[in-house]
Structures are given as C-alpha cells and as structure tokens.
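Visitor: Got a file for you: target.cif, mmCIF, C-alpha atoms and all ligand atoms.
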data_target
loop_
_atom_site.label_atom_id
_atom_site.label_comp_id
_atom_site.auth_asym_id
_atom_site.auth_seq_id
_atom_site.Cartn_x
_atom_site.Cartn_y
_atom_site.Cartn_z
CA MET R 1 42.09 -62.83 43.07
CA ALA R 2 42.17 -59.08 43.41
CA GLU R 3 39.41 -58.83 45.99
CA THR R 4 41.03 -61.38 48.33
CA GLU R 5 44.27 -59.44 48.16
CA MET R 6 42.36 -56.18 48.82
CA MET R 7 40.54 -57.74 51.79
CA ASP R 8 43.85 -58.85 53.30
CA PHE R 9 45.20 -55.34 52.82
CA LEU R 10 42.14 -53.79 54.51
CA LYS R 11 42.46 -56.18 57.43
CA ARG R 12 46.14 -55.25 57.84
CA GLU R 13 45.24 -51.57 57.74
CA GLY R 14 42.80 -52.09 60.60
CA VAL R 15 39.43 -51.68 58.88
CA SER R 16 36.77 -53.05 61.25
CA ASP R 17 35.87 -56.75 60.97
CA ARG R 18 32.16 -55.95 60.98
CA ILE R 19 32.47 -53.76 57.91
CA LEU R 20 34.65 -56.31 56.15
CA SER R 21 32.23 -59.15 56.78
CA GLU R 22 29.38 -57.03 55.38
CA VAL R 23 31.47 -56.41 52.28
CA SER R 24 32.01 -60.16 51.91
CA TYR R 25 28.28 -60.68 52.26
CA PHE R 26 27.59 -58.06 49.56
CA ARG R 27 29.96 -59.89 47.22
CA THR R 28 28.31 -63.27 47.65
CA TYR R 29 24.79 -61.81 47.56
CA TYR R 30 25.19 -59.85 44.33
CA LYS R 31 26.43 -62.40 41.84
CA LEU R 32 28.30 -61.18 38.81
CA SER R 33 27.68 -62.48 35.31
CA PRO R 34 30.87 -64.08 33.93
CA ASP R 35 31.08 -61.70 30.96
CA MET R 36 31.35 -58.77 33.41
CA GLU R 37 34.42 -60.14 35.20
CA ARG R 38 36.74 -58.38 32.78
CA ARG R 39 35.34 -55.01 33.86
CA VAL R 40 36.15 -55.56 37.53
CA PRO R 41 39.29 -53.51 38.15
CA ASP R 42 42.51 -55.16 39.22
CA PRO R 43 43.97 -52.15 41.02
CA MET R 44 47.57 -51.14 40.67
CA TYR R 45 47.65 -49.13 43.91
CA HIS R 46 46.28 -49.38 47.39
CA TYR R 47 44.62 -46.36 48.92
CA TYR R 48 46.10 -45.65 52.37
CA GLY R 49 43.83 -44.11 55.00
CA THR R 50 41.81 -46.38 57.30
CA ASP R 51 39.40 -43.67 58.33
CA VAL R 52 38.44 -42.85 54.76
CA TRP R 53 38.15 -46.55 53.93
CA GLU R 54 35.66 -47.12 56.73
CA LYS R 55 33.57 -44.12 55.73
CA ALA R 56 33.52 -45.11 52.07
CA LEU R 57 32.74 -48.80 52.64
CA SER R 58 29.97 -48.03 55.14
CA SER R 59 28.32 -45.51 52.80
CA LEU R 60 28.28 -47.86 49.84
CA LEU R 61 27.09 -50.77 51.99
CA VAL R 62 23.95 -48.89 53.02
CA GLY R 63 23.23 -48.06 49.38
CA GLU R 64 24.42 -44.46 49.23
CA HIS R 65 26.41 -42.84 46.43
CA LEU R 66 29.71 -41.16 47.25
CA LEU R 67 31.34 -37.90 46.31
CA LEU R 68 35.09 -37.72 46.94
CA ALA R 69 36.09 -34.08 47.16
CA GLY R 70 39.61 -32.85 47.67
CA PRO R 71 42.80 -31.32 46.31
CA LYS R 72 44.89 -32.83 43.52
CA ALA R 73 46.56 -36.19 44.01
CA THR R 74 44.75 -37.16 47.20
CA GLY R 75 43.95 -40.61 45.81
CA LYS R 76 40.34 -40.02 44.74
CA ASN R 77 40.56 -42.18 41.63
CA VAL R 78 42.75 -44.76 43.34
CA LEU R 79 40.13 -45.14 46.07
CA ALA R 80 37.23 -45.31 43.58
CA GLN R 81 38.94 -48.10 41.68
CA ASP R 82 39.88 -49.95 44.85
CA LEU R 83 36.24 -49.77 45.98
CA ALA R 84 34.96 -51.38 42.78
CA ALA R 85 37.59 -54.09 43.26
CA VAL R 86 36.71 -54.84 46.90
CA PHE R 87 33.01 -55.03 46.13
CA HIS R 88 33.89 -57.00 43.00
CA ARG R 89 31.72 -54.94 40.65
CA PRO R 90 32.30 -53.95 37.02
CA GLU R 91 33.46 -50.37 36.75
CA TRP R 92 32.73 -47.64 34.22
CA ASP R 93 34.93 -44.57 34.19
CA ILE R 94 32.87 -41.62 33.11
CA SER R 95 34.97 -38.50 32.60
CA LEU R 96 32.87 -35.39 32.68
CA TYR R 97 33.75 -32.24 30.83
CA ILE R 98 32.08 -29.08 29.70
CA ASN R 99 30.54 -30.62 26.57
CA THR R 100 29.17 -33.72 28.30
CA ASP R 101 25.49 -34.05 27.44
CA ALA R 102 22.68 -36.36 28.52
CA ALA R 103 22.97 -38.46 25.33
CA SER R 104 26.63 -39.27 25.93
CA LEU R 105 25.79 -40.36 29.48
CA ILE R 106 22.65 -42.38 28.84
CA GLY R 107 22.84 -43.35 25.19
CA ALA R 108 21.78 -42.26 21.75
CA ASP R 109 20.18 -43.67 18.62
CA THR R 110 22.51 -44.98 15.96
CA PHE R 111 21.93 -46.56 12.57
CA GLU R 112 23.05 -50.13 12.20
CA ASN R 113 22.30 -52.11 9.03
CA GLY R 114 19.55 -49.70 8.13
CA ALA R 115 17.82 -49.94 11.50
CA VAL R 116 17.77 -47.55 14.44
CA ARG R 117 19.42 -48.94 17.55
CA LEU R 118 20.16 -47.56 20.97
CA ARG R 119 23.88 -47.28 21.64
CA LYS R 120 23.97 -47.58 25.38
CA GLY R 121 25.86 -44.96 27.33
CA PRO R 122 27.86 -45.72 30.50
CA ILE R 123 25.13 -44.70 32.96
CA LEU R 124 22.73 -47.15 31.38
CA ARG R 125 25.36 -49.90 31.51
CA VAL R 126 26.04 -49.21 35.19
CA ALA R 127 22.28 -49.41 35.83
CA GLU R 128 21.82 -52.70 34.01
CA GLU R 129 24.91 -54.53 35.20
CA GLY R 130 24.96 -53.47 38.85
CA GLY R 131 28.12 -51.59 38.08
CA PHE R 132 30.11 -48.93 39.88
CA GLY R 133 30.06 -45.71 37.86
CA VAL R 134 32.92 -43.32 38.53
CA LEU R 135 31.74 -39.82 37.66
CA ASP R 136 35.15 -38.28 37.32
CA GLU R 137 35.56 -34.52 37.81
CA ILE R 138 31.81 -34.10 38.20
CA ASN R 139 32.14 -30.34 38.65
CA MET R 140 33.59 -29.96 35.14
CA ALA R 141 30.21 -30.69 33.56
CA ARG R 142 27.38 -28.21 33.20
CA ASN R 143 24.74 -28.66 35.86
CA GLU R 144 22.04 -28.85 33.15
CA SER R 145 23.70 -31.90 31.57
CA LEU R 146 23.68 -33.59 34.93
CA ALA R 147 19.94 -33.04 35.50
CA VAL R 148 19.33 -36.52 34.07
CA MET R 149 21.28 -37.88 37.01
CA HIS R 150 18.82 -36.59 39.59
CA ALA R 151 16.33 -39.46 39.25
CA VAL R 152 19.20 -41.93 38.93
CA LEU R 153 20.82 -40.84 42.16
CA ASP R 154 17.84 -40.35 44.46
CA PHE R 155 15.32 -42.85 45.86
CA ARG R 156 13.77 -43.33 42.41
CA ARG R 157 16.90 -45.06 41.05
CA VAL R 158 15.54 -44.92 37.49
CA ILE R 159 16.66 -43.69 34.10
CA ASP R 160 14.13 -42.49 31.60
CA VAL R 161 15.62 -43.27 28.24
CA PRO R 162 13.95 -40.95 25.73
CA GLY R 163 12.02 -42.97 23.14
CA TYR R 164 12.66 -46.18 25.03
CA ASP R 165 11.90 -47.38 28.48
CA ARG R 166 12.25 -46.53 32.10
CA ILE R 167 15.14 -48.53 33.42
CA SER R 168 15.63 -49.21 37.11
CA LEU R 169 19.03 -49.25 38.66
CA ASN R 170 20.22 -52.72 39.61
CA GLU R 171 20.37 -53.00 43.42
CA ALA R 172 24.15 -53.33 43.35
CA SER R 173 24.74 -50.18 41.26
CA ARG R 174 26.57 -47.30 42.92
CA PHE R 175 28.01 -44.02 41.74
CA ILE R 176 31.26 -42.55 43.01
CA ALA R 177 31.90 -38.98 41.92
CA THR R 178 35.19 -37.16 42.26
CA MET R 179 35.77 -33.43 42.30
CA ASN R 180 38.62 -31.07 42.79
CA TYR R 181 37.59 -27.54 43.55
CA GLY R 182 39.75 -24.72 42.41
CA TYR R 183 41.18 -26.38 39.27
CA ALA R 184 40.78 -24.21 36.17
CA GLY R 185 37.43 -24.94 34.54
CA THR R 186 35.71 -26.35 37.60
CA ARG R 187 32.38 -24.97 38.73
CA GLU R 188 30.23 -25.12 41.82
CA LEU R 189 28.24 -28.30 42.16
CA ASN R 190 24.61 -27.39 42.56
CA GLU R 191 23.02 -28.21 45.88
CA ALA R 192 20.41 -30.55 44.45
CA LEU R 193 23.15 -32.74 43.01
CA ALA R 194 25.40 -32.54 46.08
CA SER R 195 22.45 -33.55 48.25
CA ARG R 196 22.26 -36.91 46.44
CA PHE R 197 25.72 -37.98 47.60
CA LEU R 198 27.43 -38.60 50.89
CA ILE R 199 30.57 -36.53 50.74
CA ILE R 200 34.06 -37.41 51.89
CA GLN R 201 36.57 -34.57 52.11
CA MET R 202 39.74 -36.36 51.08
CA PRO R 203 42.68 -35.59 53.37
CA VAL R 204 46.27 -35.19 52.25
CA ILE R 205 48.04 -38.48 52.98
CA SER R 206 49.65 -38.67 56.45
CA GLU R 207 53.42 -38.88 56.81
CA GLU R 208 53.19 -42.43 58.11
CA ASN R 209 50.97 -43.59 55.25
CA LEU R 210 53.14 -41.85 52.68
CA ASN R 211 56.07 -43.80 54.04
CA LYS R 212 54.12 -47.03 53.49
CA LEU R 213 53.02 -45.94 50.03
CA ILE R 214 56.58 -45.17 48.93
CA ARG R 215 57.87 -48.52 50.19
CA ASP R 216 54.93 -50.27 48.57
CA LYS R 217 55.69 -48.74 45.16
CA PHE R 218 59.47 -48.91 45.47
CA PRO R 219 60.22 -52.09 47.42
CA THR R 220 64.00 -51.69 47.14
CA ILE R 221 64.18 -48.14 48.53
CA ARG R 222 66.23 -47.81 51.71
CA GLU R 223 64.11 -47.06 54.76
CA GLU R 224 65.94 -43.84 55.63
CA TYR R 225 65.28 -42.44 52.15
CA ALA R 226 61.60 -43.41 52.17
CA ALA R 227 61.50 -41.38 55.38
CA GLN R 228 63.39 -38.45 53.78
CA PHE R 229 60.90 -38.25 50.92
CA SER R 230 57.84 -38.39 53.15
CA GLN R 231 59.34 -35.79 55.47
CA LEU R 232 60.10 -33.54 52.51
CA PHE R 233 56.48 -33.81 51.38
CA HIS R 234 55.34 -32.82 54.85
CA ASP R 235 57.82 -29.93 55.03
CA ILE R 236 56.17 -28.63 51.88
CA ARG R 237 52.75 -29.24 53.33
CA ARG R 238 53.55 -27.25 56.47
CA LYS R 239 54.81 -24.33 54.37
CA CYS R 240 51.56 -24.42 52.38
CA GLU R 241 49.46 -24.46 55.53
CA GLY R 242 51.48 -21.56 56.92
CA GLY R 243 50.68 -19.63 53.76
CA GLU R 244 54.38 -19.26 52.85
CA ILE R 245 53.97 -20.97 49.48
CA SER R 246 51.08 -22.01 47.26
CA THR R 247 50.02 -25.65 46.94
CA LYS R 248 51.65 -26.06 43.51
CA ALA R 249 54.63 -27.96 44.91
CA LEU R 250 52.47 -30.12 47.17
CA ASP R 251 52.16 -32.74 44.49
CA LEU R 252 52.27 -36.40 45.42
CA ARG R 253 52.12 -37.44 41.79
CA GLY R 254 55.20 -35.34 41.15
CA LEU R 255 57.00 -36.83 44.16
CA MET R 256 56.31 -40.39 43.00
CA ALA R 257 57.42 -39.57 39.48
CA SER R 258 60.65 -38.08 40.87
CA ILE R 259 61.46 -41.20 42.90
CA ASN R 260 60.80 -43.27 39.80
CA LEU R 261 63.17 -41.10 37.78
CA ILE R 262 65.86 -41.50 40.43
CA SER R 263 65.42 -45.27 40.30
CA HIS R 264 66.14 -45.01 36.58
CA GLY R 265 69.40 -43.18 37.22
CA LEU R 266 68.76 -39.43 37.27
CA LYS R 267 70.44 -37.48 40.09
CA ALA R 268 68.06 -36.98 43.04
CA VAL R 269 68.02 -33.16 43.03
CA ASP R 270 67.42 -33.08 39.27
CA ALA R 271 64.56 -35.55 39.51
CA ILE R 272 62.94 -33.62 42.36
CA GLU R 273 63.35 -30.44 40.37
CA LEU R 274 61.31 -31.88 37.50
CA GLY R 275 58.62 -33.43 39.68
CA ILE R 276 58.26 -30.84 42.44
CA VAL R 277 60.31 -27.63 42.21
CA ASN R 278 59.35 -26.70 38.66
CA LYS R 279 55.64 -26.98 39.46
CA CYS R 280 56.10 -23.51 40.92
CA PHE R 281 56.18 -20.91 38.21
CA ASP R 282 57.00 -18.10 40.58
CA GLU R 283 60.78 -17.58 40.88
CA TYR R 284 60.68 -16.69 44.58
CA GLU R 285 58.50 -19.66 45.50
CA ARG R 286 60.68 -21.97 43.44
CA GLN R 287 63.71 -20.86 45.44
CA LEU R 288 61.94 -21.52 48.75
CA VAL R 289 61.09 -25.06 47.66
CA LYS R 290 64.61 -25.61 46.33
CA ASP R 291 66.03 -24.64 49.72
CA MET R 292 63.88 -27.28 51.44
CA ILE R 293 65.29 -29.89 49.09
CA THR R 294 68.94 -28.86 49.50
CA VAL R 295 68.62 -29.41 53.25
CA ARG R 296 67.67 -33.07 52.81
CA PHE R 297 69.28 -34.13 49.53
CA PRO R 298 72.98 -33.51 48.73
CA ALA R 299 73.70 -32.35 45.18
CA ASP R 300 75.52 -35.54 44.19
CA LEU R 301 73.05 -38.04 45.60
CA THR R 302 72.17 -40.84 43.15
CA ARG R 303 70.29 -44.12 43.01
CA ASP R 304 73.08 -46.31 44.50
CA LYS R 305 72.70 -44.65 47.90
CA ILE R 306 68.90 -44.59 47.78
CA PHE R 307 68.08 -48.09 46.53
CA THR R 308 69.42 -51.43 47.67
CA ASP R 309 69.43 -53.09 44.23
N1 LIG F 401 45.98 -41.82 50.51
C1 LIG F 401 46.60 -42.31 49.44
N2 LIG F 401 46.87 -43.62 49.35
C2 LIG F 401 47.49 -44.13 48.28
N3 LIG F 401 47.91 -43.41 47.23
C3 LIG F 401 47.68 -42.10 47.27
C4 LIG F 401 47.01 -41.48 48.35
N4 LIG F 401 46.91 -40.17 48.11
C5 LIG F 401 47.51 -39.97 46.92
N5 LIG F 401 47.98 -41.12 46.41
C6 LIG F 401 48.75 -41.29 45.16
O1 LIG F 401 48.63 -40.09 44.44
C7 LIG F 401 48.57 -40.34 43.04
C8 LIG F 401 47.34 -39.71 42.45
O2 LIG F 401 46.18 -40.42 42.80
P1 LIG F 401 44.78 -40.12 42.10
O3 LIG F 401 44.95 -40.06 40.64
O4 LIG F 401 43.80 -41.10 42.66
O5 LIG F 401 44.49 -38.67 42.68
P2 LIG F 401 43.20 -37.73 42.49
O6 LIG F 401 42.79 -37.36 43.87
O7 LIG F 401 42.21 -38.39 41.61
O8 LIG F 401 43.87 -36.46 41.81
P3 LIG F 401 43.25 -35.37 40.79
O9 LIG F 401 42.31 -34.52 41.57
O10 LIG F 401 44.45 -34.59 40.37
O11 LIG F 401 42.58 -36.14 39.68
C9 LIG F 401 48.62 -41.86 42.89
O12 LIG F 401 49.94 -42.21 42.58
C10 LIG F 401 48.23 -42.37 44.25
O13 LIG F 401 48.81 -43.61 44.51
MG MG F 402 41.47 -37.79 39.70
#
Taking this structure as input, can you express it in the form of structure tokens?

Guide:
Amino acid sequence: MAETEMMDFLKREGVSDRILSEVSYFRTYYKLSPDMERRVPDPMYHYYGTDVWEKALSSLLVGEHLLLAGPKATGKNVLAQDLAAVFHRPEWDISLYINTDAASLIGADTFENGAVRLRKGPILRVAEEGGFGVLDEINMARNESLAVMHAVLDFRRVIDVPGYDRISLNEASRFIATMNYGYAGTRELNEALASRFLIIQMPVISEENLNKLIRDKFPTIREEYAAQFSQLFHDIRRKCEGGEISTKALDLRGLMASINLISHGLKAVDAIELGIVNKCFDEYERQLVKDMITVRFPADLTRDKIFTD
C-alpha cells in the first residue's frame, strides 16, 4: 500500500518517530469510506527534505491548513500529493485561475431530468469526505473569489451553500495551497487569506537530496554522473544567487527532462540545451550557462557512458 511505502521512506529520511506515530494514529482514527479509496493518491515521486516534511506533517496534525510558497519546481505539488498519501485521505486538485468564481469552488445548480440539483464543487466534496484540497496556484485567483474560503479556513470550518445548507468541514479535511510569486499573472495574496494558513517557504532542493532524487528516478544512472548533474544544478544556483544570471536556467523540471532525454539516446549536451540552456532567452546569459555545461559534459558524451544498462 502506498502509505506503508511512504512511511518507510519517511523513516529512512529521518522524520521523527513521534510525528510518524501521530500520523499513524490519524490514519486509524479517521476511517475512510471504501468508495473514496480511489481518490487517495498513489504518488509517483517522493519529496526530499526532512525539515520541510516535519513542518508540514506537524502543521496538518494539529489541524492547520498549509500554504507552500516558493519558486518554480521546488516540489510543492509533489509534497502536497505525498501528504494526502501519507495521511491516506482522498485528494481534490483545485487549480485556481483568474476566472475562478465561488460557484466553481463550492457548487452550482444544474438541471437534471427537469429538476434543479446541486452539482457539488470540489470544496464541498473536500468538506464532506474529509478530503485534502490542494488549492493550486492560489495567488492566480482574484481575492474576491476566494472570500468564500474565509469561513472554510478559519475556526468556523463551515461552507454556506447559497440556497442550501451550512455544511461543516469534516474533522479530517485540510487545505494545502501552493503559490509561486513572480510568475506572470500572479498577484499578492491578501493578508486575511494568508493569515488562515501556516506558511512554508519551500527551499531549493539540496545537492545531497538532488543526488538521491536523480538516482531514485533513474536507477541505472552511474553514481559519478548523478553527482555531475546535481553539481551542475548547484553551479547554476550559485550563479543565480550571485546575481550573475537570472533564475530561468535554475529549472529542476528541465534538468530531469534532460536526463530522461539522454536515457532515450540524445547526446548529453543537446539534451541539456533543450532542458536548461534554452530556458534563457538572453543570448549573453545563454552563453554563460553553456560554458558551465561544457566544463562538466564533453561534446560527445552519450547514454552508454552515463547509464549502466
Ligand atoms: N525537494 C524535492 N524533492 C523531490 N522532488 C523535487 C523536489 N524539488 C523539486 N522536485 C522535482 O521537481 C519537479 C517539479 O515538482 P512540482 O511540480 O511539485 O513543483 P512545483 O513547486 O509545484 O512547481 P511550480 O511552481 O512550477 O508549479 C518534480 O519532478 C519533482 O520531483
Ligand atoms: Mg506546482
């Protein structure tokens, strides 16, 4: 089962026994109806970062909602999904965008066989089923559309469904919001909303954890090349922190996609160009990034040297 595998992983990563036993208690205390099992995620990826894990698990255990804030590809959605899996709760992914309105979140009347019926929105489903609601890119939505969330997220834990009832949040329900400031189209989260979450500032993955992540996703990669890729990522990171280049090339998604391309036969430098170098649209910056790659990866390097199979 996914949650047993996740618990073993968390133990290996050094998450405290006390926290893990509380999570186990939560799982046995809040039973899940059999028809909800299919909504419990079976995660593809493990989030690496013991510190963040302990913060997130502790917050949810005491009944708080979480906001994961941080730059692109820092594992916000991976962590949110992993959390629903460890707690063994059904998950609803709620992508927010500029046109999101209260009706799409809570529900709206529809006609069915000549009668009016409430088509339940994801927030209502999370409330009823003790689900985990992932409010993805929460700062894309207009603050006014999110006003309905205020009573849901504070001590009241209720939803007033217009024309229907007041529905209380199931005790096991939690919301995990994600946000990425600085992306085009994002806005400031208003303080009233931010105050209803505990907030984790998501760090960029450490070099050691990136090494683990690469070997986890590509089990046949040679150790020295897993190290080369994680060092390259941290070279780029240092240049970003020093203000020499923008953060465009600091893209873990792009790095993973490049390694995948190499495993399918593309030359290493070409694959890294597609996944990393070409994220920079400024010619000068692109050259700087290219130079960092030339140092570590010879022009003729291919999959046979990098992978054992
Ligand atoms: N700490 C981490 N542990 C495991 N995987 C990570 C970590 N940080 C980033 N990743 C990897 O980065 C990729 C992107 O993850 P994810 O989609 O969760 O990022 P995100 O923070 O939601 O990004 P965005 O803000 O762009 O939506 C995944 O392949 C994920 O495995
Ligand atoms: Mg995301």

Visitor: What are the closest atom pairs, with distances in Å to one decimal, for all residues of chain R lying within 8 Å of ligand MG 402 (chain F)? Consider all atoms listed in the file, order rows by chain and residue number, and present the result as JSON lines.

Guide:
{"residue": "R:Lys72", "atom": "CA", "partner": "F:MG402", "partner_atom": "MG", "distance": 7.1}
{"residue": "R:Ala73", "atom": "CA", "partner": "F:MG402", "partner_atom": "MG", "distance": 6.9}
{"residue": "R:Gly75", "atom": "CA", "partner": "F:MG402", "partner_atom": "MG", "distance": 7.2}
{"residue": "R:Lys76", "atom": "CA", "partner": "F:MG402", "partner_atom": "MG", "distance": 5.6}
{"residue": "R:Asn77", "atom": "CA", "partner": "F:MG402", "partner_atom": "MG", "distance": 4.9}
{"residue": "R:Val78", "atom": "CA", "partner": "F:MG402", "partner_atom": "MG", "distance": 8.0}
{"residue": "R:Asp136", "atom": "CA", "partner": "F:MG402", "partner_atom": "MG", "distance": 6.8}
{"residue": "R:Glu137", "atom": "CA", "partner": "F:MG402", "partner_atom": "MG", "distance": 7.0}
{"residue": "R:Thr178", "atom": "CA", "partner": "F:MG402", "partner_atom": "MG", "distance": 6.8}
{"residue": "R:Met179", "atom": "CA", "partner": "F:MG402", "partner_atom": "MG", "distance": 7.6}
{"residue": "R:Asn180", "atom": "CA", "partner": "F:MG402", "partner_atom": "MG", "distance": 7.9}

Visitor: Please provide the set of residues having any atom within 12 Å of Leu266 in chain R, restricted to all atoms listed in the file, with same-chain residues fewer than 2 positions apart removed, written as an MDAnalysis selection string.

Guide: chainID R and resid 257:264 268:274 299:304 306

Visitor: Which residues of chain R come within 10 Å of ligand LIG 401 (chain F), and for each one, what is the closest pair of atoms and their distance in Å to one decimal, counting only C-alpha atoms and all ligand atoms, sorted by chain and residue number, as CSV?

Guide:
residue,atom,partner,partner_atom,distance
R:Met44,CA,F:LIG401,O13,8.5
R:Tyr45,CA,F:LIG401,O13,5.7
R:His46,CA,F:LIG401,C2,5.5
R:Tyr47,CA,F:LIG401,N2,3.6
R:Tyr48,CA,F:LIG401,N2,3.7
R:Gly49,CA,F:LIG401,N1,5.5
R:Thr50,CA,F:LIG401,N1,9.2
R:Val52,CA,F:LIG401,N1,8.7
R:Trp53,CA,F:LIG401,N1,9.8
R:Leu68,CA,F:LIG401,O6,8.3
R:Ala69,CA,F:LIG401,O6,8.2
R:Gly70,CA,F:LIG401,O6,6.7
R:Pro71,CA,F:LIG401,O9,5.7
R:Lys72,CA,F:LIG401,O10,3.6
R:Ala73,CA,F:LIG401,O8,3.5
R:Thr74,CA,F:LIG401,N4,3.8
R:Gly75,CA,F:LIG401,O4,3.2
R:Lys76,CA,F:LIG401,O6,3.7
R:Asn77,CA,F:LIG401,O4,3.6
R:Val78,CA,F:LIG401,O4,3.9
R:Leu79,CA,F:LIG401,O4,6.4
R:Ala80,CA,F:LIG401,O4,7.9
R:Gln81,CA,F:LIG401,O4,8.6
R:Asp82,CA,F:LIG401,O4,9.9
R:Asp136,CA,F:LIG401,O11,8.1
R:Glu137,CA,F:LIG401,O11,7.4
R:Thr178,CA,F:LIG401,O7,7.2
R:Met179,CA,F:LIG401,O9,6.7
R:Asn180,CA,F:LIG401,O9,5.2
R:Tyr181,CA,F:LIG401,O9,8.7
R:Tyr183,CA,F:LIG401,O9,8.5
R:Met202,CA,F:LIG401,O6,7.9
R:Pro203,CA,F:LIG401,N1,7.6
R:Val204,CA,F:LIG401,N4,6.5
R:Ile205,CA,F:LIG401,N1,4.6
R:Ser206,CA,F:LIG401,N1,7.7
R:Asn209,CA,F:LIG401,N1,7.1
R:Leu210,CA,F:LIG401,C1,7.3
R:Lys212,CA,F:LIG401,C2,8.9
R:Leu213,CA,F:LIG401,C2,6.1
R:Ile214,CA,F:LIG401,N3,9.0
R:Asp216,CA,F:LIG401,C2,9.7
R:Lys217,CA,F:LIG401,O13,8.6
R:Asp251,CA,F:LIG401,O1,8.2
R:Leu252,CA,F:LIG401,O1,5.3
R:Arg253,CA,F:LIG401,C7,4.8
R:Gly254,CA,F:LIG401,C7,8.5
R:Leu255,CA,F:LIG401,O1,9.0
R:Met256,CA,F:LIG401,O12,6.6
R:Ala257,CA,F:LIG401,O12,8.5

Visitor: Grab the residues selected above and save them as an mmCIF file, keeping the file's coordinate frame with C-alpha atoms.

Guide:
data_model
loop_
_atom_site.group_PDB
_atom_site.id
_atom_site.type_symbol
_atom_site.label_atom_id
_atom_site.label_comp_id
_atom_site.auth_asym_id
_atom_site.auth_seq_id
_atom_site.Cartn_x
_atom_site.Cartn_y
_atom_site.Cartn_z
ATOM 1 C CA MET R 44 47.570 -51.140 40.670
ATOM 2 C CA TYR R 45 47.650 -49.130 43.910
ATOM 3 C CA HIS R 46 46.280 -49.380 47.390
ATOM 4 C CA TYR R 47 44.620 -46.360 48.920
ATOM 5 C CA TYR R 48 46.100 -45.650 52.370
ATOM 6 C CA GLY R 49 43.830 -44.110 55.000
ATOM 7 C CA THR R 50 41.810 -46.380 57.300
ATOM 8 C CA VAL R 52 38.440 -42.850 54.760
ATOM 9 C CA TRP R 53 38.150 -46.550 53.930
ATOM 10 C CA LEU R 68 35.090 -37.720 46.940
ATOM 11 C CA ALA R 69 36.090 -34.080 47.160
ATOM 12 C CA GLY R 70 39.610 -32.850 47.670
ATOM 13 C CA PRO R 71 42.800 -31.320 46.310
ATOM 14 C CA LYS R 72 44.890 -32.830 43.520
ATOM 15 C CA ALA R 73 46.560 -36.190 44.010
ATOM 16 C CA THR R 74 44.750 -37.160 47.200
ATOM 17 C CA GLY R 75 43.950 -40.610 45.810
ATOM 18 C CA LYS R 76 40.340 -40.020 44.740
ATOM 19 C CA ASN R 77 40.560 -42.180 41.630
ATOM 20 C CA VAL R 78 42.750 -44.760 43.340
ATOM 21 C CA LEU R 79 40.130 -45.140 46.070
ATOM 22 C CA ALA R 80 37.230 -45.310 43.580
ATOM 23 C CA GLN R 81 38.940 -48.100 41.680
ATOM 24 C CA ASP R 82 39.880 -49.950 44.850
ATOM 25 C CA ASP R 136 35.150 -38.280 37.320
ATOM 26 C CA GLU R 137 35.560 -34.520 37.810
ATOM 27 C CA THR R 178 35.190 -37.160 42.260
ATOM 28 C CA MET R 179 35.770 -33.430 42.300
ATOM 29 C CA ASN R 180 38.620 -31.070 42.790
ATOM 30 C CA TYR R 181 37.590 -27.540 43.550
ATOM 31 C CA TYR R 183 41.180 -26.380 39.270
ATOM 32 C CA MET R 202 39.740 -36.360 51.080
ATOM 33 C CA PRO R 203 42.680 -35.590 53.370
ATOM 34 C CA VAL R 204 46.270 -35.190 52.250
ATOM 35 C CA ILE R 205 48.040 -38.480 52.980
ATOM 36 C CA SER R 206 49.650 -38.670 56.450
ATOM 37 C CA ASN R 209 50.970 -43.590 55.250
ATOM 38 C CA LEU R 210 53.140 -41.850 52.680
ATOM 39 C CA LYS R 212 54.120 -47.030 53.490
ATOM 40 C CA LEU R 213 53.020 -45.940 50.030
ATOM 41 C CA ILE R 214 56.580 -45.170 48.930
ATOM 42 C CA ASP R 216 54.930 -50.270 48.570
ATOM 43 C CA LYS R 217 55.690 -48.740 45.160
ATOM 44 C CA ASP R 251 52.160 -32.740 44.490
ATOM 45 C CA LEU R 252 52.270 -36.400 45.420
ATOM 46 C CA ARG R 253 52.120 -37.440 41.790
ATOM 47 C CA GLY R 254 55.200 -35.340 41.150
ATOM 48 C CA LEU R 255 57.000 -36.830 44.160
ATOM 49 C CA MET R 256 56.310 -40.390 43.000
ATOM 50 C CA ALA R 257 57.420 -39.570 39.480
#

Visitor: At what distance in Å, to one decimal, does CA of Leu189 in chain R lie from CA of Ala84 in chain R?

Guide: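 Between CA of Ala84 in chain R and CA of Leu189 in chain R the gap works out to 24.0 Å.
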
Visitor: Within 10 Å of Leu118 in chain R, counting only C-alpha atoms, which residues show up once you throw out same-chain ones fewer than 3 positions away? Write them as a list in words, please.

Guide: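 Using only C-alpha atoms, the neighbours found are Ile106, Gly107, Ala108, Asp109, Thr110, Phe111, Glu112, Gly121, Val161, Gly163 and Tyr164 of chain R.
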
Visitor: Using all atoms listed in the file, I'd like a table of the residues in range 68-91 of chain R that come within 12 Å of range 8-20 of chain R; for each, show the closest atom pair and its distance in Å rounded to one decimal, ordered by chain and ascending number, as CSV.

Guide:
residue,atom,partner,partner_atom,distance
R:Asp82,CA,R:Leu10,CA,10.6
R:Leu83,CA,R:Leu10,CA,11.1
R:Val86,CA,R:Leu10,CA,9.4
R:Phe87,CA,R:Leu20,CA,10.2

Visitor: Output, as AutoDock Vina command-line options, the centre and edge lengths in Å (one decimal) of the axis-aligned box that contains all listed atoms of range 297-303 of chain R with 8 Å of margin on each side.

Guide:
--center_x 72.4 --center_y -38.2 --center_z 46.3 --size_x 22.2 --size_y 27.8 --size_z 22.5

Visitor: As an exercise, work out the distance from CA of Gly133 in chain R to CA of Ala177 in chain R in Å and give it to one decimal place.

Guide: 8.1 Å

Visitor: Kindly give the distance, in Å, that separates CA of Lys55 in chain R and CA of Leu198 in chain R, rounded to a single decimal.

Guide: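 Straight-line distance from CA of Lys55 in chain R to CA of Leu198 in chain R works out to 9.6 Å.
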
Visitor: Name the closest residue to Leu288 in chain R among the candidates R:Met149, R:Leu96, R:Cys240, R:Ala102; distances are taken between atoms, counting all atoms listed in the file.

Guide: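 Closest to Leu288 in chain R, using all atoms listed in the file: R:Cys240.
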
Visitor: Which one is closest to Glu244 in chain R: R:Glu5, R:Asp51, R:Asp291, R:Glu285? Count all atoms listed in the file.

Guide: R:Glu285

Visitor: Hey, what's within 10 Å of Asp101 in chain R if we count all atoms listed in the file and toss same-chain stuff fewer than 4 positions away? As number ranges by chain, please?

Guide: R: 96-97, 105-107, 141-142, 144-148

Visitor: Considering only C-alpha atoms, return as a PyMOL selection string whatever protein or nucleic-acid residues lie within 8 Å of Ala85 in chain R, sequence-local ones (same chain, fewer than 4 positions apart) excluded.

Guide: chain R and resi 2-3+6+40-43+81+89

Visitor: Determine the nearest neighbour of His88 in chain R from the options R:Ile123, R:Met7, R:Val116, R:Met140, counting all atoms listed in the file.

Guide: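 Nearest candidate to His88 in chain R out of R:Ile123, R:Met7, R:Val116, R:Met140: R:Met7.
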
Visitor: Under the rule that all atoms listed in the file are counted, which of R:Glu64, R:Glu129, R:Asp309, R:Glu188 is the nearest residue to Asp35 in chain R?

Guide: R:Glu129
